[in-house]
Every structure is written in structure tokens, then in C-alpha cells.
Amino acid sequence: MTETMLDDALRAALEAFAARPRVLVASDYDGCVSPIVARPEDAVPEPRSMAALEQCAAAPRTAAALVSGRARADLRALSGASENITLVGSHGAEFAEGFDDPVTDGQRELLRRIVAEFRGLSARFPGTSVEVKPVSTTLHVRNASPADADAALALAESGPASWDGVQVTHGKAVIELAVIETSKGHALDRLRAALEVDAVLYLGDDVTDEKAFARLGPDDVGVKVGDGPTAAHFRVADPNGVATVLETVAALRR
Ligand SMILES: O=P(O)(O)OC[C@H]1O[C@H](O[C@H]2O[C@H](CO)[C@@H](O)[C@H](O)[C@H]2O)[C@H](O)[C@@H](O)[C@@H]1O
């Protein structure tokens, strides 16, 4: 990939951020560190981004994290992140220690029923697929015809998405149903407190990242990746821009 130029305002914000004593550099995974691809299992990271994130994690008084909708174990396997990078899965709910609250038998049973519904839908609509995670499941429609994608999503909405205890997230060519509350904003709050950092940089491309951007303060930097409404103050076009942001911060913190 080619280098992306950062605009002057973003460059200045990154310099001010990097001048803070203790910082956290955190990013979403899919659509940021990895480009969006047809099959979720093929989402490998942009090498420049992972190298820069590892450099940040190794720099003095600098923490690095990936905060993803993925199952934490899948995030570890796909990203190839070292133990130096903090991984948070399940849209901000899944830490190395597990979930904030134990997942109940009732929630496990609800998830089992949702997965069964999704598998039934997926069997009816070619090109759709089901991803099962510890507290949620995702119906993917990226590889279905537009008509089949719309029909599958509509049936998911009117079916399991309407059940009691189900949290609905709309993402990129997916609908995701969780049996616990998830929030990347909560994840950032928890990381900020645990790591005792003075400022946070967060990059994200999807609707779930807006909960993280909403938790950023005046000393923090939020970078939206791609188009769409956002609470972030800065924007880059694509994962190539993410790599440039991370490389810039890594160089400033070295
Ligand atoms: O929070 P993220 O790290 O951005 O994870 C969000 C979801 O990402 C994955 O799905 C998305 O990426 C896939 C691979 O590029 C793409 O095929 C799919 O259409 C996208 O929605 C992942 O599969 C989900 O589990 C995550 O929730």
C-alpha cells in the first residue's frame, strides 16, 4: 500500500497527543487495522498497522489496544498481536479476565436459540453465513444477492432481534445479536482507568465505534475511518490512513 498524507489538523492533534506523559493508542480491527473483505475469516491485518501498534506498545509510557466486535480469541488469532497489545473482544465486553458479569445459563440458552434461528435463515438465503461468538452471533449477508440480503436481515429483525434480552447491533453487511450489553465506550473507560493514561487515541470505522468516540475528552483524539456520520473530530479514508496515523504516533513516542 502507498503512504497516505495526514492533514495538518490531524497531524497537529497527534503531536499534542504524543506529548502527553502516558497515552493509550487503541483501534478497532475490521475496517481499520484490517480492510473489509468478503469472508470474515480472511480479515488479515495491514502489516504496517500491526508493526506500528507493536512499536507503540513497546514505547515508553505507551499502551496499545485492539477493541473489536470479534471474539477475543479470534481477534488474537487473526491479528497476530503479541501479548504487549491489550485485546478487548465482543464489542468491548470481553477482556483477558473474561466478562464484567458472569454469563448466565439463561443467556447461554438465549444465544443458542438465536444461533439456531440464524442458521435456519442462512440455510434459506445463499451467500449468508453465521458467526458464533461467546455472547453474540452475527448474520453475515455480504456475499448474498441484494434481495436475499434484505430478506434475511428483515427476518432477523422481525424474529430473534425482537426477543426479550437481545441487544441488536447493525454493522457492515451484518446484523449482530448479543445476550449481554456491550459497549466499546465502556471498554475505553475501563482501559483508561486501569492503565492510568493521560490521553487516548481511538480509531474506528463502524457504528459500534461511536460509543468509543462519545467517551473521548479534550485531550483525546478520535479518528473516524471512511464515510458516515461520526462524533470523531478527525477522519482518514481507509486502513491505509490508519497505518499512517499509527506509524506517526509510533515515531513520535519512540
Ligand atoms: O469491531 P470490529 O473489529 O470492526 O468488528 C466488527 C465486525 O467485524 C467483522 O465483520 C466485518 O468484517 C468482515 C471482514 O472484513 C466483513 O466480511 C463483514 O461484512 C463486516 O461486517 C466480524 O466478522 C464481526 O464479528 C465483527 O462484529
# chains A, B, ... in the order shown; residues from 1 in each chain; ligands from 1
call {"tool": "residues_near_ligand", "arguments": {"ligand": "ligand 1", "cutoff": "6 Å", "atoms": "only C-alpha atoms and all ligand atoms", "output": "ChimeraX atom specification"}}
result
/A:28-31,35-40,43,68-70,91,142,171-174
call {"tool": "residues_around", "arguments": {"residues": "Phe234 (chain A)", "least_positions_apart": "2", "cutoff": "8 Å", "atoms": "only C-alpha atoms", "output": "PyMOL selection string"}}
result
chain A and resi 10+221-224+232+236
call {"tool": "select_by_dssp", "arguments": {"residues": "region 20-189 of chain A", "states": "alpha helix (DSSP H)", "output": "ChimeraX atom specification"}}
result
/A:47-58,72-79,105-124,146-158,184-189
call {"tool": "atom_distance", "arguments": {"atom1": "CA of Glu157 (chain A)", "atom2": "CA of Phe213 (chain A)"}}
result
26.4 Å
call {"tool": "residues_around", "arguments": {"residues": "region 242-250 of chain A", "least_positions_apart": "3", "cutoff": "9 Å", "atoms": "only C-alpha atoms", "output": "MDAnalysis selection string"}}
result
chainID A and resid 3:6 10:11 14:15 17:18 25 27 32:33 46:57 59 203 223 225 236:239 253:254
call {"tool": "write_last_selection", "arguments": {"atoms": "N, CA and C atoms", "output": "compact mmCIF listing (two decimals), in the first residue's frame"}}
result
# COMPACT_ATOMS: atom_id res chain seq x y z
N GLU A 3 1.78 5.29 0.95
CA GLU A 3 1.66 6.19 2.11
C GLU A 3 0.50 7.15 1.92
N THR A 4 -0.17 7.47 3.00
CA THR A 4 -1.21 8.49 2.98
C THR A 4 -0.67 9.72 3.68
N MET A 5 -0.97 10.91 3.16
CA MET A 5 -0.61 12.16 3.85
C MET A 5 -1.68 12.45 4.89
N LEU A 6 -1.29 12.82 6.08
CA LEU A 6 -2.25 13.26 7.09
C LEU A 6 -2.51 14.75 6.92
N LEU A 10 -4.98 16.99 11.80
CA LEU A 10 -4.80 15.68 12.43
C LEU A 10 -3.35 15.50 12.88
N ARG A 11 -2.43 15.89 12.04
CA ARG A 11 -1.00 15.79 12.39
C ARG A 11 -0.72 16.58 13.69
N LEU A 14 -2.15 14.76 16.68
CA LEU A 14 -1.34 13.60 17.05
C LEU A 14 -0.07 14.04 17.78
N GLU A 15 0.50 15.16 17.36
CA GLU A 15 1.71 15.66 18.05
C GLU A 15 1.38 16.06 19.48
N PHE A 17 -1.12 14.92 21.27
CA PHE A 17 -1.43 13.66 21.97
C PHE A 17 -0.13 12.97 22.39
N ALA A 18 0.79 12.86 21.47
CA ALA A 18 2.04 12.12 21.74
C ALA A 18 2.91 12.83 22.77
N VAL A 25 -2.98 4.01 22.80
CA VAL A 25 -3.24 4.00 21.37
C VAL A 25 -4.14 2.80 21.11
N SER A 27 -7.33 0.88 18.67
CA SER A 27 -8.02 0.84 17.38
C SER A 27 -9.01 -0.31 17.32
N CYS A 32 -10.34 -1.19 9.91
CA CYS A 32 -9.32 -0.23 10.39
C CYS A 32 -7.92 -0.83 10.26
N VAL A 33 -7.61 -1.75 11.16
CA VAL A 33 -6.31 -2.42 11.09
C VAL A 33 -6.33 -3.46 9.96
N GLU A 46 -3.33 -5.21 8.11
CA GLU A 46 -2.36 -4.46 7.33
C GLU A 46 -1.03 -4.50 8.10
N PRO A 47 0.03 -5.08 7.52
CA PRO A 47 1.28 -5.25 8.28
C PRO A 47 1.82 -3.95 8.86
N ARG A 48 1.68 -2.85 8.13
CA ARG A 48 2.19 -1.56 8.65
C ARG A 48 1.50 -1.19 9.95
N SER A 49 0.19 -1.45 10.00
CA SER A 49 -0.56 -1.07 11.20
C SER A 49 -0.15 -1.91 12.39
N MET A 50 -0.03 -3.22 12.18
CA MET A 50 0.34 -4.07 13.32
C MET A 50 1.75 -3.77 13.79
N ALA A 51 2.66 -3.53 12.83
CA ALA A 51 4.04 -3.19 13.23
C ALA A 51 4.05 -1.90 14.04
N ALA A 52 3.27 -0.91 13.61
CA ALA A 52 3.23 0.37 14.33
C ALA A 52 2.59 0.20 15.70
N LEU A 53 1.54 -0.61 15.77
CA LEU A 53 0.88 -0.83 17.06
C LEU A 53 1.83 -1.54 18.03
N GLU A 54 2.59 -2.50 17.52
CA GLU A 54 3.58 -3.18 18.37
C GLU A 54 4.66 -2.18 18.82
N GLN A 55 5.07 -1.29 17.92
CA GLN A 55 6.07 -0.28 18.31
C GLN A 55 5.51 0.64 19.40
N CYS A 56 4.24 1.00 19.25
CA CYS A 56 3.61 1.84 20.30
C CYS A 56 3.64 1.09 21.63
N ALA A 57 3.26 -0.19 21.60
CA ALA A 57 3.20 -0.97 22.85
C ALA A 57 4.57 -1.10 23.50
N ALA A 59 6.92 1.26 23.26
CA ALA A 59 7.45 2.60 23.54
C ALA A 59 7.21 2.96 25.01
N LEU A 203 -9.25 4.83 16.93
CA LEU A 203 -9.62 4.80 15.51
C LEU A 203 -10.73 3.76 15.31
N VAL A 223 -10.47 9.25 15.56
CA VAL A 223 -10.30 9.26 14.11
C VAL A 223 -11.29 8.29 13.49
N VAL A 225 -12.74 6.28 10.39
CA VAL A 225 -12.17 5.71 9.17
C VAL A 225 -13.30 5.55 8.14
N VAL A 236 -9.83 9.65 8.46
CA VAL A 236 -8.95 9.17 7.37
C VAL A 236 -9.81 8.31 6.46
N ALA A 237 -9.32 8.09 5.24
CA ALA A 237 -10.17 7.46 4.23
C ALA A 237 -10.32 5.96 4.42
N ASP A 238 -9.26 5.29 4.87
CA ASP A 238 -9.25 3.83 4.78
C ASP A 238 -8.16 3.25 5.68
N PRO A 239 -8.01 1.91 5.68
CA PRO A 239 -6.97 1.30 6.54
C PRO A 239 -5.55 1.77 6.23
N ARG A 253 6.41 8.69 19.68
CA ARG A 253 6.58 8.16 21.04
C ARG A 253 7.91 7.47 21.25
N ARG A 254 8.64 7.16 20.18
CA ARG A 254 9.89 6.41 20.33
C ARG A 254 10.93 7.20 21.09
call {"tool": "residues_around", "arguments": {"residues": "Glu97 (chain A)", "least_positions_apart": "6", "cutoff": "12 Å", "atoms": "only C-alpha atoms", "output": "list of chain:residue names"}}
result
A:Arg72, A:Thr86, A:Leu87, A:Val88, A:Gly89
call {"tool": "write_last_selection", "arguments": {"atoms": "N, CA and C atoms", "output": "short mmCIF file (atom, residue, chain, number, x, y, z; two decimals), in the first residue's frame"}}
result
data_model
loop_
_atom_site.label_atom_id
_atom_site.label_comp_id
_atom_site.auth_asym_id
_atom_site.auth_seq_id
_atom_site.Cartn_x
_atom_site.Cartn_y
_atom_site.Cartn_z
N ARG A 72 -12.68 -12.51 21.35
CA ARG A 72 -11.31 -12.14 21.70
C ARG A 72 -10.29 -13.16 21.16
N THR A 86 -3.08 -5.02 24.37
CA THR A 86 -4.29 -5.43 25.08
C THR A 86 -5.39 -5.70 24.06
N LEU A 87 -6.03 -6.85 24.20
CA LEU A 87 -7.12 -7.20 23.28
C LEU A 87 -8.44 -7.20 24.03
N VAL A 88 -9.41 -6.50 23.46
CA VAL A 88 -10.77 -6.49 24.00
C VAL A 88 -11.70 -6.96 22.88
N GLY A 89 -12.43 -8.02 23.14
CA GLY A 89 -13.33 -8.57 22.13
C GLY A 89 -14.79 -8.28 22.43
#
call {"tool": "residues_around", "arguments": {"residues": "Gly80 (chain A)", "least_positions_apart": "4", "cutoff": "10 Å", "atoms": "only C-alpha atoms", "output": "ChimeraX atom specification"}}
result
/A:44-45,50,74-76
call {"tool": "write_last_selection", "arguments": {"atoms": "N, CA and C atoms", "output": "PDB file, in the first residue's frame"}}
result
ATOM      1  N   VAL A  44      -7.106 -10.379   7.403  1.00  0.00           N
ATOM      2  CA  VAL A  44      -5.747 -10.276   7.962  1.00  0.00           C
ATOM      3  C   VAL A  44      -5.382  -8.806   8.123  1.00  0.00           C
ATOM      4  N   PRO A  45      -4.495  -8.507   9.073  1.00  0.00           N
ATOM      5  CA  PRO A  45      -4.169  -7.105   9.315  1.00  0.00           C
ATOM      6  C   PRO A  45      -3.245  -6.522   8.263  1.00  0.00           C
ATOM      7  N   MET A  50      -0.031  -3.217  12.182  1.00  0.00           N
ATOM      8  CA  MET A  50       0.336  -4.074  13.321  1.00  0.00           C
ATOM      9  C   MET A  50       1.754  -3.771  13.789  1.00  0.00           C
ATOM     10  N   ASP A  74     -10.565 -15.039  18.508  1.00  0.00           N
ATOM     11  CA  ASP A  74     -10.435 -14.850  17.055  1.00  0.00           C
ATOM     12  C   ASP A  74      -9.585 -13.618  16.753  1.00  0.00           C
ATOM     13  N   LEU A  75      -9.782 -12.576  17.555  1.00  0.00           N
ATOM     14  CA  LEU A  75      -9.009 -11.343  17.367  1.00  0.00           C
ATOM     15  C   LEU A  75      -7.521 -11.632  17.551  1.00  0.00           C
ATOM     16  N   ARG A  76      -7.188 -12.399  18.580  1.00  0.00           N
ATOM     17  CA  ARG A  76      -5.788 -12.775  18.819  1.00  0.00           C
ATOM     18  C   ARG A  76      -5.232 -13.546  17.604  1.00  0.00           C
TER      19      ARG A  76
END
call {"tool": "atom_distance", "arguments": {"atom1": "CA of Leu153 (chain A)", "atom2": "CA of Ile175 (chain A)"}}
result
6.8 Å
call {"tool": "closest_atom_pairs", "arguments": {"of": "region 63-154 of chain A", "to": "region 190-194 of chain A", "cutoff": "12 Å", "atoms": "only C-alpha atoms", "output": "Markdown table"}}
result
| residue | atom | partner | partner_atom | distance |
| --- | --- | --- | --- | --- |
| A:Ala63 | CA | A:Leu191 | CA | 9.5 |
| A:Ala64 | CA | A:Leu191 | CA | 10.0 |
| A:Ala65 | CA | A:Leu191 | CA | 8.8 |
| A:Leu66 | CA | A:Leu191 | CA | 11.1 |
| A:Val67 | CA | A:Leu191 | CA | 10.3 |
| A:Ile85 | CA | A:Leu191 | CA | 11.9 |
| A:Thr86 | CA | A:Leu191 | CA | 9.0 |
| A:Leu87 | CA | A:Leu191 | CA | 10.5 |
| A:Val88 | CA | A:Leu191 | CA | 9.5 |
| A:Gly92 | CA | A:Arg190 | CA | 9.6 |
| A:Ala93 | CA | A:Arg190 | CA | 10.3 |
| A:Glu94 | CA | A:Arg190 | CA | 11.6 |
| A:Phe95 | CA | A:Leu191 | CA | 10.0 |
| A:Ala96 | CA | A:Leu191 | CA | 12.0 |
| A:Asp100 | CA | A:Arg190 | CA | 10.5 |
call {"tool": "write_last_selection", "arguments": {"atoms": "N, CA and C atoms", "output": "PDB file, in the first residue's frame"}}
result
ATOM      1  N   ALA A  63       0.608   2.565  25.969  1.00  0.00           N
ATOM      2  CA  ALA A  63      -0.132   1.299  25.895  1.00  0.00           C
ATOM      3  C   ALA A  63      -0.810   1.224  24.533  1.00  0.00           C
ATOM      4  N   ALA A  64      -1.033  -0.014  24.067  1.00  0.00           N
ATOM      5  CA  ALA A  64      -1.704  -0.211  22.779  1.00  0.00           C
ATOM      6  C   ALA A  64      -2.793  -1.257  22.946  1.00  0.00           C
ATOM      7  N   ALA A  65      -3.907  -1.054  22.228  1.00  0.00           N
ATOM      8  CA  ALA A  65      -5.041  -1.983  22.359  1.00  0.00           C
ATOM      9  C   ALA A  65      -5.787  -2.111  21.046  1.00  0.00           C
ATOM     10  N   LEU A  66      -6.365  -3.294  20.838  1.00  0.00           N
ATOM     11  CA  LEU A  66      -7.359  -3.510  19.781  1.00  0.00           C
ATOM     12  C   LEU A  66      -8.686  -3.752  20.471  1.00  0.00           C
ATOM     13  N   VAL A  67      -9.709  -3.038  20.063  1.00  0.00           N
ATOM     14  CA  VAL A  67     -11.042  -3.150  20.664  1.00  0.00           C
ATOM     15  C   VAL A  67     -11.999  -3.523  19.535  1.00  0.00           C
ATOM     16  N   ILE A  85       0.049  -6.133  23.387  1.00  0.00           N
ATOM     17  CA  ILE A  85      -1.132  -5.369  22.969  1.00  0.00           C
ATOM     18  C   ILE A  85      -2.351  -5.907  23.708  1.00  0.00           C
ATOM     19  N   THR A  86      -3.079  -5.018  24.368  1.00  0.00           N
ATOM     20  CA  THR A  86      -4.290  -5.427  25.083  1.00  0.00           C
ATOM     21  C   THR A  86      -5.388  -5.698  24.060  1.00  0.00           C
ATOM     22  N   LEU A  87      -6.032  -6.846  24.201  1.00  0.00           N
ATOM     23  CA  LEU A  87      -7.116  -7.204  23.283  1.00  0.00           C
ATOM     24  C   LEU A  87      -8.439  -7.200  24.030  1.00  0.00           C
ATOM     25  N   VAL A  88      -9.409  -6.504  23.458  1.00  0.00           N
ATOM     26  CA  VAL A  88     -10.766  -6.493  24.002  1.00  0.00           C
ATOM     27  C   VAL A  88     -11.704  -6.956  22.883  1.00  0.00           C
ATOM     28  N   GLY A  92     -16.250  -4.732  23.101  1.00  0.00           N
ATOM     29  CA  GLY A  92     -15.855  -4.026  24.319  1.00  0.00           C
ATOM     30  C   GLY A  92     -16.192  -4.746  25.607  1.00  0.00           C
ATOM     31  N   ALA A  93     -16.808  -5.929  25.515  1.00  0.00           N
ATOM     32  CA  ALA A  93     -17.260  -6.624  26.730  1.00  0.00           C
ATOM     33  C   ALA A  93     -16.309  -7.721  27.196  1.00  0.00           C
ATOM     34  N   GLU A  94     -15.399  -8.169  26.325  1.00  0.00           N
ATOM     35  CA  GLU A  94     -14.607  -9.368  26.618  1.00  0.00           C
ATOM     36  C   GLU A  94     -13.128  -9.021  26.815  1.00  0.00           C
ATOM     37  N   PHE A  95     -12.693  -9.086  28.060  1.00  0.00           N
ATOM     38  CA  PHE A  95     -11.302  -8.791  28.423  1.00  0.00           C
ATOM     39  C   PHE A  95     -10.559 -10.103  28.690  1.00  0.00           C
ATOM     40  N   ALA A  96      -9.255  -9.998  28.934  1.00  0.00           N
ATOM     41  CA  ALA A  96      -8.471 -11.200  29.231  1.00  0.00           C
ATOM     42  C   ALA A  96      -9.061 -11.937  30.424  1.00  0.00           C
ATOM     43  N   ASP A 100     -17.365  -8.692  32.412  1.00  0.00           N
ATOM     44  CA  ASP A 100     -17.577  -7.979  33.675  1.00  0.00           C
ATOM     45  C   ASP A 100     -18.475  -8.786  34.610  1.00  0.00           C
TER      46      ASP A 100
END
call {"tool": "residues_around", "arguments": {"residues": "Val179 (chain A)", "least_positions_apart": "5", "cutoff": "9 Å", "atoms": "only C-alpha atoms", "output": "list of chain:residue names"}}
result
A:Val103, A:Gln107, A:Arg108, A:Leu110, A:Leu111, A:Val135, A:Ser136, A:Gly165, A:Val166, A:Gln167
call {"tool": "atom_distance", "arguments": {"atom1": "CA of Ala251 (chain A)", "atom2": "CA of Asp219 (chain A)"}}
result
19.3 Å
call {"tool": "select_by_dssp", "arguments": {"residues": "region 27-252 of chain A", "states": "strand (DSSP E)", "output": "number ranges by chain"}}
result
A: 27, 62-67, 85-88, 94-95, 98-99, 129-132, 136-140, 167-171, 174-178, 199-204, 221-225, 234-236
call {"tool": "residues_around", "arguments": {"residues": "Asp220 (chain A)", "least_positions_apart": "2", "cutoff": "7 Å", "atoms": "only C-alpha atoms", "output": "count of residues only"}}
result
8
